[in-house]
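Novice: Got run_30.cif for you, mmCIF, C-alpha atoms and all ligand atoms:
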```cif
data_data
loop_
_atom_site.group_PDB
_atom_site.id
_atom_site.type_symbol
_atom_site.label_atom_id
_atom_site.label_comp_id
_atom_site.auth_asym_id
_atom_site.auth_seq_id
_atom_site.Cartn_x
_atom_site.Cartn_y
_atom_site.Cartn_z
ATOM 1 C CA MET A 23 0.000 0.000 0.000
ATOM 2 C CA ALA A 24 1.103 3.508 -0.714
ATOM 3 C CA HIS A 25 1.039 6.919 0.872
ATOM 4 C CA ILE A 26 -0.513 9.313 -1.634
ATOM 5 C CA SER A 27 -0.480 13.096 -1.620
ATOM 6 C CA ILE A 28 -3.275 14.767 -3.523
ATOM 7 C CA VAL A 29 -2.763 18.412 -4.397
ATOM 8 C CA GLY A 30 -6.163 19.994 -4.981
ATOM 9 C CA SER A 31 -9.185 19.337 -2.802
ATOM 10 C CA GLY A 32 -11.925 19.920 -5.367
ATOM 11 C CA ASN A 33 -14.315 17.263 -6.670
ATOM 12 C CA MET A 34 -11.561 15.263 -8.372
ATOM 13 C CA GLY A 35 -9.132 15.514 -5.442
ATOM 14 C CA GLN A 36 -11.765 14.375 -2.943
ATOM 15 C CA ALA A 37 -12.964 11.530 -5.156
ATOM 16 C CA ILE A 38 -9.423 10.258 -5.788
ATOM 17 C CA SER A 39 -8.592 10.530 -2.094
ATOM 18 C CA GLY A 40 -11.705 8.544 -1.185
ATOM 19 C CA ILE A 41 -10.984 5.763 -3.686
ATOM 20 C CA ALA A 42 -7.309 5.567 -2.682
ATOM 21 C CA ALA A 43 -8.258 5.314 1.006
ATOM 22 C CA LYS A 44 -10.828 2.604 0.237
ATOM 23 C CA GLY A 45 -8.031 0.654 -1.424
ATOM 24 C CA GLY A 46 -6.111 0.670 1.863
ATOM 25 C CA ASN A 47 -3.713 3.492 1.019
ATOM 26 C CA THR A 48 -3.043 6.443 3.269
ATOM 27 C CA THR A 49 -3.720 9.825 1.725
ATOM 28 C CA GLU A 50 -3.176 13.482 2.425
ATOM 29 C CA LEU A 51 -5.334 16.089 0.729
ATOM 30 C CA LEU A 52 -3.726 19.491 0.239
ATOM 31 C CA ASN A 53 -5.465 22.613 -0.977
ATOM 32 C CA SER A 54 -4.300 26.025 -2.095
ATOM 33 C CA SER A 55 -3.855 27.237 1.494
ATOM 34 C CA ASP A 56 -1.431 24.356 2.239
ATOM 35 C CA THR A 57 1.395 25.556 0.012
ATOM 36 C CA GLY A 58 3.699 25.603 3.053
ATOM 37 C CA THR A 59 2.977 21.942 3.883
ATOM 38 C CA PRO A 60 5.443 19.654 2.085
ATOM 39 C CA VAL A 61 4.011 16.641 0.227
ATOM 40 C CA THR A 62 4.905 13.408 2.028
ATOM 41 C CA GLY A 63 3.457 10.790 -0.333
ATOM 42 C CA GLU A 64 5.597 8.702 -2.659
ATOM 43 C CA ILE A 65 2.840 9.273 -5.216
ATOM 44 C CA VAL A 66 1.659 12.827 -5.847
ATOM 45 C CA VAL A 67 -1.595 13.430 -7.735
ATOM 46 C CA LEU A 68 -1.973 16.878 -9.279
ATOM 47 C CA ALA A 69 -5.760 17.327 -8.992
ATOM 48 C CA VAL A 70 -5.848 20.942 -10.077
ATOM 49 C CA PRO A 71 -7.003 22.569 -13.341
ATOM 50 C CA TYR A 72 -4.321 22.499 -16.036
ATOM 51 C CA PRO A 73 -3.488 26.249 -15.816
ATOM 52 C CA LYS A 74 -2.556 25.696 -12.132
ATOM 53 C CA VAL A 75 -0.176 22.769 -12.753
ATOM 54 C CA ALA A 76 2.857 24.952 -13.520
ATOM 55 C CA GLU A 77 2.207 26.950 -10.337
ATOM 56 C CA VAL A 78 2.052 23.794 -8.201
ATOM 57 C CA ILE A 79 5.270 22.462 -9.772
ATOM 58 C CA ASP A 80 6.935 25.823 -9.037
ATOM 59 C CA GLN A 81 5.748 25.809 -5.425
ATOM 60 C CA ARG A 82 6.620 22.170 -4.740
ATOM 61 C CA GLY A 83 9.953 22.175 -6.584
ATOM 62 C CA ALA A 84 12.412 19.744 -5.014
ATOM 63 C CA GLN A 85 9.618 17.899 -3.166
ATOM 64 C CA LEU A 86 8.474 16.307 -6.441
ATOM 65 C CA ALA A 87 11.868 15.031 -7.611
ATOM 66 C CA GLY A 88 11.922 11.236 -7.817
ATOM 67 C CA LYS A 89 8.227 10.854 -6.962
ATOM 68 C CA ILE A 90 5.531 9.400 -9.142
ATOM 69 C CA VAL A 91 3.647 12.487 -10.310
ATOM 70 C CA VAL A 92 0.173 11.766 -11.646
ATOM 71 C CA ASP A 93 -1.442 14.378 -13.838
ATOM 72 C CA ILE A 94 -5.199 14.170 -14.255
ATOM 73 C CA THR A 95 -5.711 17.383 -16.218
ATOM 74 C CA ASN A 96 -7.097 18.218 -19.618
ATOM 75 C CA PRO A 97 -5.247 21.169 -21.134
ATOM 76 C CA LEU A 98 -8.566 22.722 -22.037
ATOM 77 C CA ASP A 99 -8.838 26.377 -22.998
ATOM 78 C CA PHE A 100 -11.061 27.485 -20.103
ATOM 79 C CA ALA A 101 -11.922 30.743 -21.847
ATOM 80 C CA THR A 102 -13.736 29.046 -24.713
ATOM 81 C CA PHE A 103 -14.020 25.351 -23.723
ATOM 82 C CA ASP A 104 -13.524 24.431 -27.374
ATOM 83 C CA GLY A 105 -9.807 23.937 -27.793
ATOM 84 C CA LEU A 106 -6.573 22.892 -26.101
ATOM 85 C CA THR A 107 -3.873 25.224 -24.808
ATOM 86 C CA VAL A 108 -0.957 22.937 -25.740
ATOM 87 C CA PRO A 109 0.618 23.130 -29.219
ATOM 88 C CA ALA A 110 -1.017 21.043 -31.938
ATOM 89 C CA ASP A 111 0.634 17.604 -31.902
ATOM 90 C CA GLY A 112 1.986 18.394 -28.405
ATOM 91 C CA SER A 113 0.538 17.230 -25.101
ATOM 92 C CA ALA A 114 0.105 18.271 -21.502
ATOM 93 C CA ALA A 115 2.320 15.323 -20.515
ATOM 94 C CA THR A 116 5.198 16.831 -22.530
ATOM 95 C CA GLU A 117 4.749 20.235 -20.896
ATOM 96 C CA ILE A 118 4.546 18.732 -17.405
ATOM 97 C CA ALA A 119 7.511 16.393 -17.938
ATOM 98 C CA ALA A 120 9.552 19.414 -19.089
ATOM 99 C CA ALA A 121 8.473 21.442 -16.045
ATOM 100 C CA LEU A 122 9.491 18.634 -13.663
ATOM 101 C CA GLN A 123 13.092 19.289 -14.693
ATOM 102 C CA ARG A 124 13.071 22.237 -12.281
ATOM 103 C CA CYS A 125 12.145 19.925 -9.402
ATOM 104 C CA TYR A 126 15.205 17.730 -9.970
ATOM 105 C CA LYS A 127 17.404 20.794 -10.333
ATOM 106 C CA GLU A 128 16.136 22.259 -7.057
ATOM 107 C CA ALA A 129 16.649 18.918 -5.337
ATOM 108 C CA GLY A 130 20.306 19.054 -6.433
ATOM 109 C CA LYS A 131 19.892 15.922 -8.573
ATOM 110 C CA PRO A 132 19.781 17.266 -12.146
ATOM 111 C CA ALA A 133 21.141 13.988 -13.552
ATOM 112 C CA ALA A 134 18.249 12.037 -12.041
ATOM 113 C CA TYR A 135 15.923 13.940 -14.371
ATOM 114 C CA GLU A 136 17.577 12.358 -17.383
ATOM 115 C CA GLU A 137 17.182 8.927 -15.758
ATOM 116 C CA PHE A 138 13.491 9.711 -15.248
ATOM 117 C CA LEU A 139 13.114 10.603 -18.942
ATOM 118 C CA ASP A 140 14.999 7.488 -20.052
ATOM 119 C CA GLU A 141 12.821 5.297 -17.836
ATOM 120 C CA ALA A 142 9.696 6.965 -19.215
ATOM 121 C CA GLU A 143 10.866 6.410 -22.777
ATOM 122 C CA ALA A 144 11.664 2.748 -22.119
ATOM 123 C CA ALA A 145 8.317 2.206 -20.385
ATOM 124 C CA TYR A 146 6.265 3.968 -23.079
ATOM 125 C CA PRO A 147 8.060 3.409 -26.397
ATOM 126 C CA GLU A 148 4.932 4.402 -28.339
ATOM 127 C CA ALA A 149 4.433 7.722 -26.514
ATOM 128 C CA SER A 150 5.815 10.940 -27.955
ATOM 129 C CA ALA A 151 5.893 12.906 -24.654
ATOM 130 C CA PRO A 152 9.083 11.341 -23.192
ATOM 131 C CA VAL A 153 10.912 11.770 -26.526
ATOM 132 C CA LEU A 154 9.899 15.431 -26.843
ATOM 133 C CA ALA A 155 10.764 16.155 -23.202
ATOM 134 C CA LYS A 156 14.186 14.521 -23.615
ATOM 135 C CA ALA A 157 14.869 16.430 -26.849
ATOM 136 C CA ARG A 158 14.015 19.698 -25.079
ATOM 137 C CA TRP A 159 16.308 18.733 -22.206
ATOM 138 C CA VAL A 160 19.186 18.003 -24.608
ATOM 139 C CA GLN A 161 18.561 21.386 -26.242
ATOM 140 C CA ALA A 162 18.354 23.190 -22.874
ATOM 141 C CA ASN A 163 21.801 21.785 -22.045
ATOM 142 C CA GLY A 164 23.233 23.533 -25.089
ATOM 143 C CA ASP A 165 23.514 20.352 -27.145
ATOM 144 C CA ASN A 166 21.967 19.820 -30.544
ATOM 145 C CA PRO A 167 18.976 17.498 -30.129
ATOM 146 C CA ARG A 168 19.297 16.338 -33.739
ATOM 147 C CA GLU A 169 21.411 13.269 -33.057
ATOM 148 C CA TYR A 170 19.045 12.109 -30.317
ATOM 149 C CA LEU A 171 15.953 12.848 -32.404
ATOM 150 C CA SER A 172 17.164 11.263 -35.633
ATOM 151 C CA GLY A 173 16.718 7.713 -34.402
ATOM 152 C CA ARG A 174 13.572 8.497 -32.403
ATOM 153 C CA LEU A 175 11.819 10.326 -35.228
ATOM 154 C CA SER A 176 12.161 7.413 -37.593
ATOM 155 C CA ARG A 177 10.357 5.272 -34.979
ATOM 156 C CA LYS A 178 7.865 7.842 -33.760
ATOM 157 C CA PRO A 179 7.402 10.827 -36.064
ATOM 158 C CA THR A 180 5.897 13.951 -34.501
ATOM 159 C CA LEU A 181 5.672 17.483 -35.878
ATOM 160 C CA GLN A 182 7.002 18.919 -32.596
ATOM 161 C CA GLY A 183 10.003 16.611 -32.874
ATOM 162 C CA LEU A 184 10.572 17.645 -36.484
ATOM 163 C CA LEU A 185 10.502 21.309 -35.448
ATOM 164 C CA LEU A 186 13.130 20.672 -32.765
ATOM 165 C CA TRP A 187 15.168 18.752 -35.336
ATOM 166 C CA LEU A 188 15.035 21.710 -37.729
ATOM 167 C CA GLU A 189 15.908 24.164 -34.946
ATOM 168 C CA GLY A 190 19.209 22.302 -34.634
ATOM 169 C CA GLY A 191 20.639 24.769 -37.180
ATOM 170 C CA PRO A 192 22.074 24.277 -40.664
ATOM 171 C CA VAL A 193 22.453 20.684 -41.748
ATOM 172 C CA PRO A 194 26.115 19.852 -42.511
ATOM 173 C CA ASP A 195 26.462 18.479 -46.056
ATOM 174 C CA THR A 196 27.746 15.174 -44.706
ATOM 175 C CA THR A 197 24.421 14.347 -43.081
ATOM 176 C CA LEU A 198 22.547 12.905 -46.025
ATOM 177 C CA GLU A 199 21.472 10.240 -43.604
ATOM 178 C CA SER A 200 19.787 12.880 -41.436
ATOM 179 C CA LEU A 201 17.918 14.243 -44.426
ATOM 180 C CA GLN A 202 16.750 10.731 -45.167
ATOM 181 C CA THR A 203 15.456 10.520 -41.576
ATOM 182 C CA LEU A 204 13.665 13.818 -42.021
ATOM 183 C CA ARG A 205 12.125 12.685 -45.310
ATOM 184 C CA GLU A 206 10.892 9.414 -43.804
ATOM 185 C CA SER A 207 9.529 11.146 -40.710
ATOM 186 C CA LEU A 208 7.660 13.746 -42.711
ATOM 187 C CA GLY A 209 6.312 11.046 -44.992
ATOM 188 C CA ARG A 210 5.058 8.956 -42.093
ATOM 189 C CA SER A 211 3.667 12.008 -40.335
ATOM 190 C CA ILE A 212 1.691 12.999 -43.420
ATOM 191 C CA GLN A 213 0.482 9.429 -43.853
ATOM 192 C CA ALA A 214 -0.745 9.378 -40.257
ATOM 193 C CA ARG A 215 -2.786 12.564 -40.705
ATOM 194 C CA PRO A 216 -6.554 12.191 -40.984
ATOM 195 C CA LYS A 217 -7.443 12.250 -44.653
ATOM 196 C CA HIS A 218 -11.104 13.191 -44.475
ATOM 197 C CA LEU A 219 -13.082 16.022 -42.985
ATOM 198 C CA CYS A 220 -16.732 16.399 -42.039
ATOM 199 C CA SER A 221 -17.853 19.773 -43.378
ATOM 200 C CA SER A 222 -20.698 19.774 -40.869
ATOM 201 C CA CYS A 223 -18.999 19.081 -37.509
ATOM 202 C CA GLY A 224 -15.274 19.214 -38.313
ATOM 203 C CA LEU A 225 -14.553 15.566 -37.444
ATOM 204 C CA ARG A 226 -11.351 14.322 -39.115
ATOM 205 C CA PRO A 227 -11.748 10.599 -39.673
ATOM 206 C CA ASN A 228 -9.142 8.430 -41.382
ATOM 207 C CA VAL A 229 -11.654 6.747 -43.626
ATOM 208 C CA LEU A 230 -14.454 7.995 -45.812
ATOM 209 C CA TYR A 231 -17.939 7.637 -44.314
ATOM 210 C CA TRP A 232 -21.254 8.073 -46.117
ATOM 211 C CA GLN A 233 -22.725 9.135 -42.778
ATOM 212 C CA CYS A 234 -20.608 11.107 -40.309
ATOM 213 C CA PRO A 235 -20.125 8.935 -37.164
ATOM 214 C CA GLN A 236 -20.148 12.061 -34.989
ATOM 215 C CA CYS A 237 -22.903 14.400 -36.187
ATOM 216 C CA LYS A 238 -24.798 11.739 -38.190
ATOM 217 C CA SER A 239 -25.046 14.018 -41.234
ATOM 218 C CA TRP A 240 -25.134 12.281 -44.621
ATOM 219 C CA GLY A 241 -22.624 13.042 -47.368
ATOM 220 C CA THR A 242 -20.700 15.682 -45.395
ATOM 221 C CA VAL A 243 -17.429 13.705 -45.016
ATOM 222 C CA VAL A 244 -15.092 14.643 -47.886
ATOM 223 C CA PRO A 245 -11.381 14.145 -48.598
ATOM 224 C CA ALA A 246 -9.321 16.770 -46.710
ATOM 225 C CA GLU A 247 -6.943 18.898 -48.776
ATOM 226 C CA ASP A 248 -4.964 20.410 -45.916
ATOM 227 C CA VAL A 249 -2.859 17.562 -44.567
ATOM 228 C CA PHE A 250 -1.068 19.938 -42.188
HETATM 229 ZN ZN ZN B 1 -19.928 15.375 -38.791
#
```
Transcribe the structure of this file into C-alpha cells.
Specialist:
Amino acid sequence: MAHISIVGSGNMGQAISGIAAKGGNTTELLNSSDTGTPVTGEIVVLAVPYPKVAEVIDQRGAQLAGKIVVDITNPLDFATFDGLTVPADGSAATEIAAALQRCYKEAGKPAAYEEFLDEAEAAYPEASAPVLAKARWVQANGDNPREYLSGRLSRKPTLQGLLLWLEGGPVPDTTLESLQTLRESLGRSIQARPKHLCSSCGLRPNVLYWQCPQCKSWGTVVPAEDVF
C-alpha cells in the first residue's frame, strides 16, 4: 500500500482521495492554502485545473523530484471550452515532464531527471511525450537534439520533434542520412494525418464515411486537402 499526496481538494481531489483510502492506502489532501505543507506521499496526484499545474510544480519544486507524479488534467482552454492550450501535436504530458526538470534541479539531482526521462521512454516506447521532453532537455543543455531525435523520429514521427530537429541549425552536407530521416519522418507524419473532414462538424476521420459517425449528417465527409 502507498502513501498518496493529492494536491487539490476539489471534486476530483476528494474523489481520488476517497478511492485511494478505500483501497487501503493512506492519503493526504492538500489545498491552495497548504502551500507551506510539504508533500509526504511517494505518489503525488496533481488534482488541479491544467493552468494551475505549472504553479504547483513551481511551489513544490524539489519535493516532487523522484516521486511518481500523476497528472489528471485536460489542457482545455477554459476561456472558450472548445480547444486545447498545448501546441497542436503536443501534449500536456510533454509540458509537465519538461516542467518537472526544475524539481530535480532544485533537489540538487539534475542527472536524475535524465534517468526519469529514459525510464519513461523505455516504459512507453509508443508515446511521444518522453521523446519530446528529452529532446528539449538536450537542447536546454546547449547540445543539438538532432542526433538524439534522428533515431527516435524514424520510430515515432511527430511534428514537434521535427521542429526541434530543424531548430538544430544548418544541416552539414555530410548528413545525407539525417535528411533521409527527415524525409521518412515527414512522410510517415503525413500518412498518419486524418485524410477526411466532415464539413458539418469538423470531425477528421481516417476513412471515408457516407454518414458522419459524430454528427450523423449524410454526405458531409469529404477528402481533406490540408494535410497539415
Ligand atoms: Zn460530422
Novice: Taking only residues of chain A that have an atom at most 12 Å from an atom of ligand ZN 1 (chain B), what is each one's shortest atom pair and its distance in Å to one decimal, using all atoms listed in the file, in chain and number order, as a Markdown table?
Specialist:
```
| residue | atom | partner | partner_atom | distance |
| --- | --- | --- | --- | --- |
| A:His218 | CA | B:ZN1 | ZN | 10.7 |
| A:Leu219 | CA | B:ZN1 | ZN | 8.1 |
| A:Cys220 | CA | B:ZN1 | ZN | 4.7 |
| A:Ser221 | CA | B:ZN1 | ZN | 6.7 |
| A:Ser222 | CA | B:ZN1 | ZN | 4.9 |
| A:Cys223 | CA | B:ZN1 | ZN | 4.0 |
| A:Gly224 | CA | B:ZN1 | ZN | 6.1 |
| A:Leu225 | CA | B:ZN1 | ZN | 5.5 |
| A:Arg226 | CA | B:ZN1 | ZN | 8.6 |
| A:Pro227 | CA | B:ZN1 | ZN | 9.5 |
| A:Leu230 | CA | B:ZN1 | ZN | 11.6 |
| A:Tyr231 | CA | B:ZN1 | ZN | 9.7 |
| A:Trp232 | CA | B:ZN1 | ZN | 10.4 |
| A:Gln233 | CA | B:ZN1 | ZN | 7.9 |
| A:Cys234 | CA | B:ZN1 | ZN | 4.6 |
| A:Pro235 | CA | B:ZN1 | ZN | 6.6 |
| A:Gln236 | CA | B:ZN1 | ZN | 5.0 |
| A:Cys237 | CA | B:ZN1 | ZN | 4.1 |
| A:Lys238 | CA | B:ZN1 | ZN | 6.1 |
| A:Ser239 | CA | B:ZN1 | ZN | 5.8 |
| A:Trp240 | CA | B:ZN1 | ZN | 8.4 |
| A:Gly241 | CA | B:ZN1 | ZN | 9.3 |
| A:Thr242 | CA | B:ZN1 | ZN | 6.7 |
| A:Val243 | CA | B:ZN1 | ZN | 6.9 |
| A:Val244 | CA | B:ZN1 | ZN | 10.3 |
```
Novice: Quick one: residues within 9 Å of A:Ala24, all atoms listed in the file counted, chain neighbours fewer than 6 positions away excluded, as a PyMOL selection string?
Specialist: chain A and resi 42+46-49+63-65
Novice: Could you tell me how far atom CA of A:Leu201 sits from atom CA of A:Pro245, in Å to one decimal place?
Specialist: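 Distance reported for this atom pair: 29.6 Å.
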Novice: Choose the residue, out of A:Gly83, A:Gly40, A:Gly88, A:Gly35, that has the smallest atom-to-atom separation from A:Gly58; count only C-alpha atoms.
Specialist: A:Gly83
Novice: Evaluate the PyMOL selection byres (((chain A and resi 52) around 7) and not hetatm) and record the selected residues as a list in words, following the chain and residue labels used in the document.
Specialist: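 When the PyMOL selection byres (((chain A and resi 52) around 7) and not hetatm) is applied to the shown file, the picked residues are Ile28, Val29, Gly30, Ser31, Glu50, Leu51, Asn53, Ser54 and Asp56 of chain A.
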Novice: Kindly save the residues from that selection, with C-alpha atoms included, as a short mmCIF file (atom, residue, chain, number, x, y, z; two decimals), in the frame of the given file.
Specialist:
```cif
data_model
loop_
_atom_site.label_atom_id
_atom_site.label_comp_id
_atom_site.auth_asym_id
_atom_site.auth_seq_id
_atom_site.Cartn_x
_atom_site.Cartn_y
_atom_site.Cartn_z
CA ILE A 28 -3.28 14.77 -3.52
CA VAL A 29 -2.76 18.41 -4.40
CA GLY A 30 -6.16 19.99 -4.98
CA SER A 31 -9.18 19.34 -2.80
CA GLU A 50 -3.18 13.48 2.42
CA LEU A 51 -5.33 16.09 0.73
CA ASN A 53 -5.46 22.61 -0.98
CA SER A 54 -4.30 26.02 -2.10
CA ASP A 56 -1.43 24.36 2.24
#
```
Novice: So that I can check the surroundings of stretch 137-141 of chain A, please list as a list in words every protein, DNA and RNA residue that reaches within 9 Å of it, counting all atoms listed in the file and ignoring chain neighbours fewer than 2 positions away.
Specialist: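 The contact residues come out as Gly88, Ala119, Ala133, Ala134, Tyr135, Glu143, Ala144, Ala145, Tyr146, Pro152, Val153, Ala155 and Lys156 of chain A.
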Novice: Report as number ranges by chain all protein, DNA and RNA residues lying within 10 Å of A:Asp93, evaluated on only C-alpha atoms, omitting residues in the same chain fewer than 2 positions from it.
Specialist: A: 66-72, 75, 90-91, 95-96, 114-115, 118
Novice: Please expand the PyMOL selection byres (((chain A and resi 204) around 12) and not hetatm) into the concrete residues it hits in this file, giving the result as a ChimeraX atom specification.
Specialist: /A:168-169,171-181,183-188,193,197-203,205-211
Novice: Would you write out those residues with C-alpha atoms, as a short mmCIF file (atom, residue, chain, number, x, y, z; two decimals), in the coordinates of the input?
Specialist:
```
data_model
loop_
_atom_site.label_atom_id
_atom_site.label_comp_id
_atom_site.auth_asym_id
_atom_site.auth_seq_id
_atom_site.Cartn_x
_atom_site.Cartn_y
_atom_site.Cartn_z
CA ARG A 168 19.30 16.34 -33.74
CA GLU A 169 21.41 13.27 -33.06
CA LEU A 171 15.95 12.85 -32.40
CA SER A 172 17.16 11.26 -35.63
CA GLY A 173 16.72 7.71 -34.40
CA ARG A 174 13.57 8.50 -32.40
CA LEU A 175 11.82 10.33 -35.23
CA SER A 176 12.16 7.41 -37.59
CA ARG A 177 10.36 5.27 -34.98
CA LYS A 178 7.86 7.84 -33.76
CA PRO A 179 7.40 10.83 -36.06
CA THR A 180 5.90 13.95 -34.50
CA LEU A 181 5.67 17.48 -35.88
CA GLY A 183 10.00 16.61 -32.87
CA LEU A 184 10.57 17.64 -36.48
CA LEU A 185 10.50 21.31 -35.45
CA LEU A 186 13.13 20.67 -32.76
CA TRP A 187 15.17 18.75 -35.34
CA LEU A 188 15.04 21.71 -37.73
CA VAL A 193 22.45 20.68 -41.75
CA THR A 197 24.42 14.35 -43.08
CA LEU A 198 22.55 12.90 -46.02
CA GLU A 199 21.47 10.24 -43.60
CA SER A 200 19.79 12.88 -41.44
CA LEU A 201 17.92 14.24 -44.43
CA GLN A 202 16.75 10.73 -45.17
CA THR A 203 15.46 10.52 -41.58
CA ARG A 205 12.12 12.68 -45.31
CA GLU A 206 10.89 9.41 -43.80
CA SER A 207 9.53 11.15 -40.71
CA LEU A 208 7.66 13.75 -42.71
CA GLY A 209 6.31 11.05 -44.99
CA ARG A 210 5.06 8.96 -42.09
CA SER A 211 3.67 12.01 -40.34
#
```
Novice: For a test of reading the model, state the distance in Å between atom CA of A:Gln85 and atom CA of A:Pro132, rounded to one decimal.
Specialist: 13.6 Å
Novice: Expressed in Å to a single decimal, how great is the separation between atom CA of A:Gln161 and atom CA of A:Glu189?
Specialist: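 Result for atom CA of A:Gln161 versus atom CA of A:Glu189: 9.5 Å, one decimal.
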Novice: Please list as an MDAnalysis selection string every residue within 9 Å of A:Asp80, counting all atoms listed in the file and excluding residues in the same chain fewer than 2 positions away.
Specialist: chainID A and resid 75:78 82:83 121:122 124:125
Novice: Using all atoms listed in the file, pick whichever of A:Leu98, A:Glu136, A:Val92, A:Ala142 has the shortest atom-to-atom distance to A:Gln123.
Specialist: A:Glu136
